[in-house]
$ cat run35.txt   # compact mmCIF, C-alpha atoms
# COMPACT_ATOMS: atom_id res chain seq x y z
CA MET A 1 9.62 -6.81 6.00
CA SER A 2 9.90 -5.19 2.59
CA ASP A 3 12.23 -6.37 -0.15
CA ILE A 4 14.89 -3.85 -1.10
CA ILE A 5 16.48 -3.06 -4.45
CA ILE A 6 19.62 -0.94 -4.49
CA ALA A 7 20.17 1.04 -7.70
CA PHE A 8 23.45 2.96 -7.71
CA PRO A 9 25.83 3.56 -10.61
CA ASN A 10 28.88 3.15 -8.34
CA PRO A 11 29.35 -0.48 -7.21
CA GLY A 12 31.26 0.68 -4.12
CA ASP A 13 28.30 2.72 -2.84
CA SER A 14 25.96 -0.19 -3.54
CA LYS A 15 28.17 -2.57 -1.60
CA VAL A 16 28.28 -0.27 1.44
CA LEU A 17 24.48 0.23 1.43
CA ARG A 18 23.91 -3.50 0.98
CA SER A 19 26.14 -4.45 3.91
CA ILE A 20 24.56 -1.83 6.21
CA LEU A 21 21.05 -3.04 5.42
CA ILE A 22 21.88 -6.73 5.68
CA LYS A 23 23.53 -6.15 9.08
CA ASN A 24 20.27 -4.52 10.20
CA GLY A 25 18.11 -7.45 9.07
CA TYR A 26 16.79 -6.26 5.72
CA SER A 27 16.34 -8.47 2.66
CA ILE A 28 18.14 -7.26 -0.45
CA VAL A 29 16.55 -8.55 -3.67
CA GLY A 30 19.10 -7.07 -6.02
CA VAL A 31 21.88 -4.57 -6.54
CA VAL A 32 21.83 -2.91 -9.97
CA ALA A 33 23.49 -0.01 -11.78
CA SER A 34 20.68 0.84 -14.21
CA GLY A 35 17.10 2.00 -13.88
CA ALA A 36 15.83 -0.58 -16.37
CA LYS A 37 17.15 -3.45 -14.25
CA ALA A 38 15.61 -1.88 -11.13
CA ILE A 39 12.24 -1.63 -12.88
CA ASN A 40 12.45 -5.29 -13.94
CA LEU A 41 13.22 -6.36 -10.37
CA CYS A 42 10.32 -4.23 -9.09
CA ASP A 43 7.93 -6.13 -11.31
CA ASP A 44 8.92 -9.37 -9.56
CA ILE A 45 8.15 -8.22 -6.01
CA ASP A 46 4.88 -7.29 -4.34
CA TYR A 47 5.98 -4.60 -1.91
CA GLY A 48 9.45 -3.15 -1.80
CA ILE A 49 11.79 -0.23 -1.55
CA VAL A 50 14.03 0.99 -4.35
CA ILE A 51 17.02 2.88 -2.98
CA CYS A 52 18.58 4.92 -5.75
CA ALA A 53 21.03 7.67 -6.58
CA TYR A 54 20.12 10.91 -8.35
CA ARG A 55 21.41 9.59 -11.68
CA LEU A 56 21.77 5.99 -12.81
CA GLY A 57 23.46 4.68 -15.94
CA ASP A 58 20.36 5.05 -18.11
CA MET A 59 17.98 7.42 -16.32
CA GLN A 60 17.45 9.88 -13.49
CA TYR A 61 15.52 9.16 -10.30
CA MET A 62 12.37 10.90 -11.62
CA GLU A 63 12.01 8.54 -14.58
CA LEU A 64 12.65 5.56 -12.32
CA SER A 65 9.99 6.82 -9.91
CA GLU A 66 7.43 7.05 -12.71
CA ASN A 67 8.12 3.50 -13.94
CA ILE A 68 8.40 1.38 -10.79
CA ASN A 69 5.59 -0.79 -9.53
CA GLU A 70 2.88 1.14 -7.60
CA SER A 71 3.44 -1.02 -4.54
CA CYS A 72 7.11 0.02 -4.35
CA GLU A 73 8.48 3.11 -2.68
CA LEU A 74 11.49 5.07 -3.91
CA LEU A 75 14.19 6.30 -1.53
CA LEU A 76 16.44 8.85 -3.20
CA ILE A 77 19.88 9.26 -1.66
CA CYS A 78 21.88 12.21 -2.93
CA SER A 79 23.27 15.61 -2.07
CA PRO A 80 20.55 18.24 -1.56
CA ASN A 81 22.51 20.51 -3.93
CA LYS A 82 21.57 18.29 -6.89
CA LEU A 83 17.86 18.90 -6.42
CA ASN A 84 16.67 21.91 -8.40
CA GLU A 85 12.93 21.50 -7.84
CA PRO A 86 10.97 20.21 -4.84
CA LEU A 87 10.46 16.42 -4.67
CA SER A 88 7.06 14.94 -5.35
CA GLU A 89 5.20 13.34 -2.45
CA ASN A 90 5.81 9.77 -3.60
CA ILE A 91 9.60 10.10 -3.32
CA ASN A 92 11.36 9.62 0.00
CA PHE A 93 14.62 11.51 0.42
CA LEU A 94 17.75 10.97 2.49
CA PRO A 95 20.40 13.69 2.10
CA MET A 96 24.06 12.76 1.73
CA PRO A 97 26.17 12.51 3.76
CA PHE A 98 24.06 10.50 6.18
CA LYS A 99 24.60 8.47 9.32
CA VAL A 100 23.97 4.73 9.33
CA THR A 101 21.21 5.21 11.90
CA GLU A 102 19.46 7.73 9.63
CA LEU A 103 19.46 5.23 6.75
CA VAL A 104 18.19 2.39 8.91
CA LYS A 105 15.51 4.62 10.45
CA LYS A 106 14.33 5.89 7.04
CA VAL A 107 14.20 2.39 5.54
CA GLY A 108 12.32 1.20 8.65
CA GLU A 109 9.74 3.97 8.31
CA ILE A 110 9.14 3.17 4.65
CA SER A 111 8.99 -0.56 5.39
CA ASP A 112 6.42 0.03 8.15
CA LYS A 113 4.36 2.23 5.84
CA LEU A 114 4.34 -0.50 3.16
CA TYR A 115 3.45 -3.17 5.73
CA TYR A 116 0.44 -1.26 7.04
CA GLU A 117 -0.66 -0.35 3.51
CA ARG A 118 -0.54 -4.01 2.48
CA LYS A 119 -2.40 -5.03 5.65
CA ARG A 120 -5.06 -2.33 5.10
CA LYS A 121 -5.63 -3.36 1.47
CA LYS A 122 -5.95 -7.01 2.44
CA LYS A 123 -8.42 -6.17 5.20
CA GLN A 124 -10.46 -3.94 2.85
CA THR A 125 -10.69 -6.71 0.29
CA GLU A 126 -11.80 -9.25 2.89
CA ARG A 127 -14.21 -6.82 4.53
CA GLY A 128 -15.64 -5.66 1.21
CA SER A 129 -16.64 -9.12 0.04
CA LYS A 130 -18.01 -10.09 3.47
CA ASN A 131 -20.05 -6.89 3.72
CA PHE A 132 -21.40 -7.36 0.21
CA LEU A 133 -22.56 -10.88 1.10
CA THR A 134 -24.19 -9.64 4.31
CA ILE A 135 -26.13 -6.95 2.44
CA GLN A 136 -27.18 -9.47 -0.23
CA ARG A 137 -28.38 -11.90 2.47
CA ALA A 138 -30.38 -9.13 4.20
CA LYS A 139 -32.01 -8.18 0.88
CA GLU A 140 -32.92 -11.81 0.21
CA LEU A 141 -34.54 -12.07 3.64
CA LEU A 142 -36.48 -8.84 3.11
CA ILE A 143 -37.68 -10.09 -0.28
CA LYS A 144 -38.74 -13.40 1.24
CA TYR A 145 -40.38 -12.22 4.48
CA LYS A 146 -41.55 -8.70 3.64
CA LYS A 147 -42.45 -9.45 0.00
CA MET A 148 -40.28 -6.64 -1.35
CA THR A 149 -38.52 -6.29 -4.68
CA GLU A 150 -34.71 -6.02 -4.74
CA PRO A 151 -34.71 -2.22 -5.22
CA GLN A 152 -37.30 -1.85 -2.42
CA ALA A 153 -35.18 -4.02 -0.11
CA HIS A 154 -32.11 -1.93 -0.87
CA LYS A 155 -33.98 1.32 -0.26
CA TYR A 156 -35.37 -0.14 2.97
CA LEU A 157 -31.83 -0.94 4.14
CA GLN A 158 -30.66 2.56 3.30
CA SER A 159 -33.58 4.37 4.92
CA SER A 160 -33.49 2.19 8.05
CA SER A 161 -29.80 2.73 8.54
CA MET A 162 -30.15 6.50 8.07
CA LYS A 163 -33.16 6.67 10.38
CA ASN A 164 -31.33 4.75 13.13
CA GLY A 165 -28.02 6.52 12.60
CA ASP A 166 -26.39 3.19 11.78
CA THR A 167 -24.25 1.95 8.94
CA ILE A 168 -25.93 -0.07 6.23
CA ILE A 169 -23.77 -3.05 7.23
CA SER A 170 -24.94 -3.06 10.83
CA THR A 171 -28.56 -2.68 9.70
CA ALA A 172 -28.09 -5.61 7.30
CA LYS A 173 -26.59 -7.70 10.13
CA LYS A 174 -29.58 -6.89 12.37
CA ILE A 175 -32.02 -7.91 9.62
CA CYS A 176 -30.11 -11.17 9.12
CA LEU A 177 -30.29 -11.88 12.86
CA LEU A 178 -33.96 -10.97 13.03
CA TYR A 179 -35.19 -12.95 10.03
CA GLY A 180 -32.44 -15.48 9.38
CA GLY A 181 -31.17 -16.32 12.83
CA LYS A 182 -27.55 -15.61 11.85
CA GLU A 183 -25.45 -12.88 10.26
$ encode --input "run35.txt" --output "structure tokens"
Amino acid sequence: MSDIIIAFPNPGDSKVLRSILIKNGYSIVGVVASGAKAINLCDDIDYGIVICAYRLGDMQYMELSENINESCELLLICSPNKLNEPLSENINFLPMPFKVTELVKKVGEISDKLYYERKRKKKQTERGSKNFLTIQRAKELLIKYKKMTEPQAHKYLQSSSMKNGDTIISTAKKICLLYGGKE
């Protein structure tokens, strides 16, 4: 579950939002009245949601959006009448007044999005290094058994995968199995 920062200039609004979210099982990292404090808290968390009002004590939502950590999402809660221009894609919006279920649903959607993004990035990192090692191993085997140079081995992997309609990774795995006995 994502960490949540509540940034509202009115302490009463912050308290209500905090209690609603805690009752629904969310973790609140901090409740602040200024954008600068929200930005500082964002730097301390990996993935999170910043719930903010249109205007804070020291900045508007747009400036806050530009300065928060890339792994954090912004949820703007305000009256639609305050918005003069369309919102950018990286800003989530919940119009006031809202129902408790709408808030919980919106925070849940953003939390799920962050969870899957984090999971995807982790998987890509793991897969990327494993795939790189598999390709390197296949090249080494081609150099050893087929007496190729490194560029020739790489070109061989590319041409074989294209000819067979396979990915370069699966071709590298096949070469490792054929010449090395393991992937």
$ atom_distance --input "run35.txt" --atom1 "CA of Gly165 in chain A" --atom2 "CA of Lys121 in chain A"
26.9 Å
$ residues_around --input "run35.txt" --residues "Val32 in chain A" --least-positions-apart "6" --cutoff "10 Å" --atoms "all atoms listed in the file" --output "PyMOL selection string"
chain A and resi 5-11+14+38+41+52+56-57
$ closest_residue --input "run35.txt" --among "A:Gly25, A:Ser111, A:Ser161, A:Val31" --to "Gly12 in chain A" --atoms "all atoms listed in the file"
A:Val31
$ closest_residue --input "run35.txt" --among "A:Leu114, A:Val104, A:Ile51, A:Ile28" --to "Asn92 in chain A" --atoms "all atoms listed in the file"
A:Ile51
$ atom_distance --input "run35.txt" --atom1 "CA of Ala172 in chain A" --atom2 "CA of Lys144 in chain A"
14.5 Å
$ atom_distance --input "run35.txt" --atom1 "CA of Cys72 in chain A" --atom2 "CA of Gly35 in chain A"
13.9 Å
$ closest_residue --input "run35.txt" --among "A:Ile4, A:Leu141, A:Val50, A:Ile20" --to "Leu103 in chain A" --atoms "all atoms listed in the file"
A:Ile20
$ residues_around --input "run35.txt" --residues "Ser2 in chain A" --least-positions-apart "2" --cutoff "10 Å" --atoms "all atoms listed in the file" --output "list in words"
Ile4, Ile5, Tyr26, Ser27, Ile28, Val29, Ile45, Asp46, Tyr47, Gly48, Ile49, Cys72, Glu73, Val107, Gly108, Ile110, Ser111, Asp112, Lys113, Leu114 and Tyr115 of chain A
$ residues_around --input "run35.txt" --residues "Ala36 in chain A" --least-positions-apart "4" --cutoff "9 Å" --atoms "all atoms listed in the file" --output "JSON, numbers by chain"
{"A": [40, 41, 58, 59, 64]}
$ closest_residue --input "run35.txt" --among "A:Ile169, A:Leu177, A:Val16, A:Met96" --to "Pro80 in chain A" --atoms "all atoms listed in the file"
A:Met96
$ closest_residue --input "run35.txt" --among "A:Ile168, A:Ile135, A:Leu178, A:Cys78" --to "Pro97 in chain A" --atoms "all atoms listed in the file"
A:Cys78
$ closest_residue --input "run35.txt" --among "A:Lys99, A:Arg18, A:Lys106, A:Lys123" --to "Leu76 in chain A" --atoms "all atoms listed in the file"
A:Lys106
$ residues_around --input "run35.txt" --residues "Ala153 in chain A" --least-positions-apart "3" --cutoff "6 Å" --atoms "all atoms listed in the file" --output "number ranges by chain"
A: 139, 142, 148, 150, 156
